[in-house]
Amino acid sequence: MFLQHKSTQDVIEILSLQDLFDPCLIEVTGQNHCGEELQEPERFLKSELIFPSGESLPRCWMDASYRRLPEMAIVAHV
């Protein structure tokens, strides 16, 4: 899968989709596809990656407690 680095706009090929989908991990391994030569794999923070369309990564890929309601919402319903 290819994602885009927010600050540099470089295209990053994600080498482990399982790591990308795991909400307990904050980093993934990928290869930068800028320039003509393939770069060495390096670690990227998920928070610095977006889809090439500009959309953010799904919360369920980044937050292990994405199913829980915020505490304030629970208190408001009591």
# chains A, B, ... in the order shown; residues from 1 in each chain; ligands from 1
$ select_by_dssp --residues "chain A" --states "strand (DSSP E or B)" --output "count of residues only"
21
$ residues_around --residues "A:Phe44" --least-positions-apart "4" --cutoff "10 Å" --atoms "only C-alpha atoms" --output "list of chain:residue names"
A:His5, A:Ile12, A:Ile14, A:Ile26, A:Glu27, A:Val28, A:Thr29, A:Gly30, A:Gln31, A:Asn32, A:Glu48, A:Leu49
$ write_last_selection --atoms "C-alpha atoms" --output "short mmCIF file (atom, residue, chain, number, x, y, z; two decimals), in the first residue's frame"
data_model
loop_
_atom_site.label_atom_id
_atom_site.label_comp_id
_atom_site.auth_asym_id
_atom_site.auth_seq_id
_atom_site.Cartn_x
_atom_site.Cartn_y
_atom_site.Cartn_z
CA HIS A 5 4.08 11.68 4.23
CA ILE A 12 5.80 5.90 1.12
CA ILE A 14 4.19 0.44 3.52
CA ILE A 26 2.51 3.94 16.42
CA GLU A 27 5.10 3.32 13.70
CA VAL A 28 5.27 1.34 10.47
CA THR A 29 8.13 0.29 8.22
CA GLY A 30 8.15 1.72 4.73
CA GLN A 31 10.27 2.77 1.79
CA ASN A 32 10.35 6.31 0.52
CA GLU A 48 2.60 11.59 9.89
CA LEU A 49 0.99 9.52 7.11
#
$ atom_distance --atom1 "atom CA of A:Asp19" --atom2 "atom CA of A:Trp61"
9.0 Å
$ closest_residue --among "A:Ser47, A:Glu36, A:Gly54, A:Arg67" --to "A:Gln9" --atoms "only C-alpha atoms"
A:Gly54
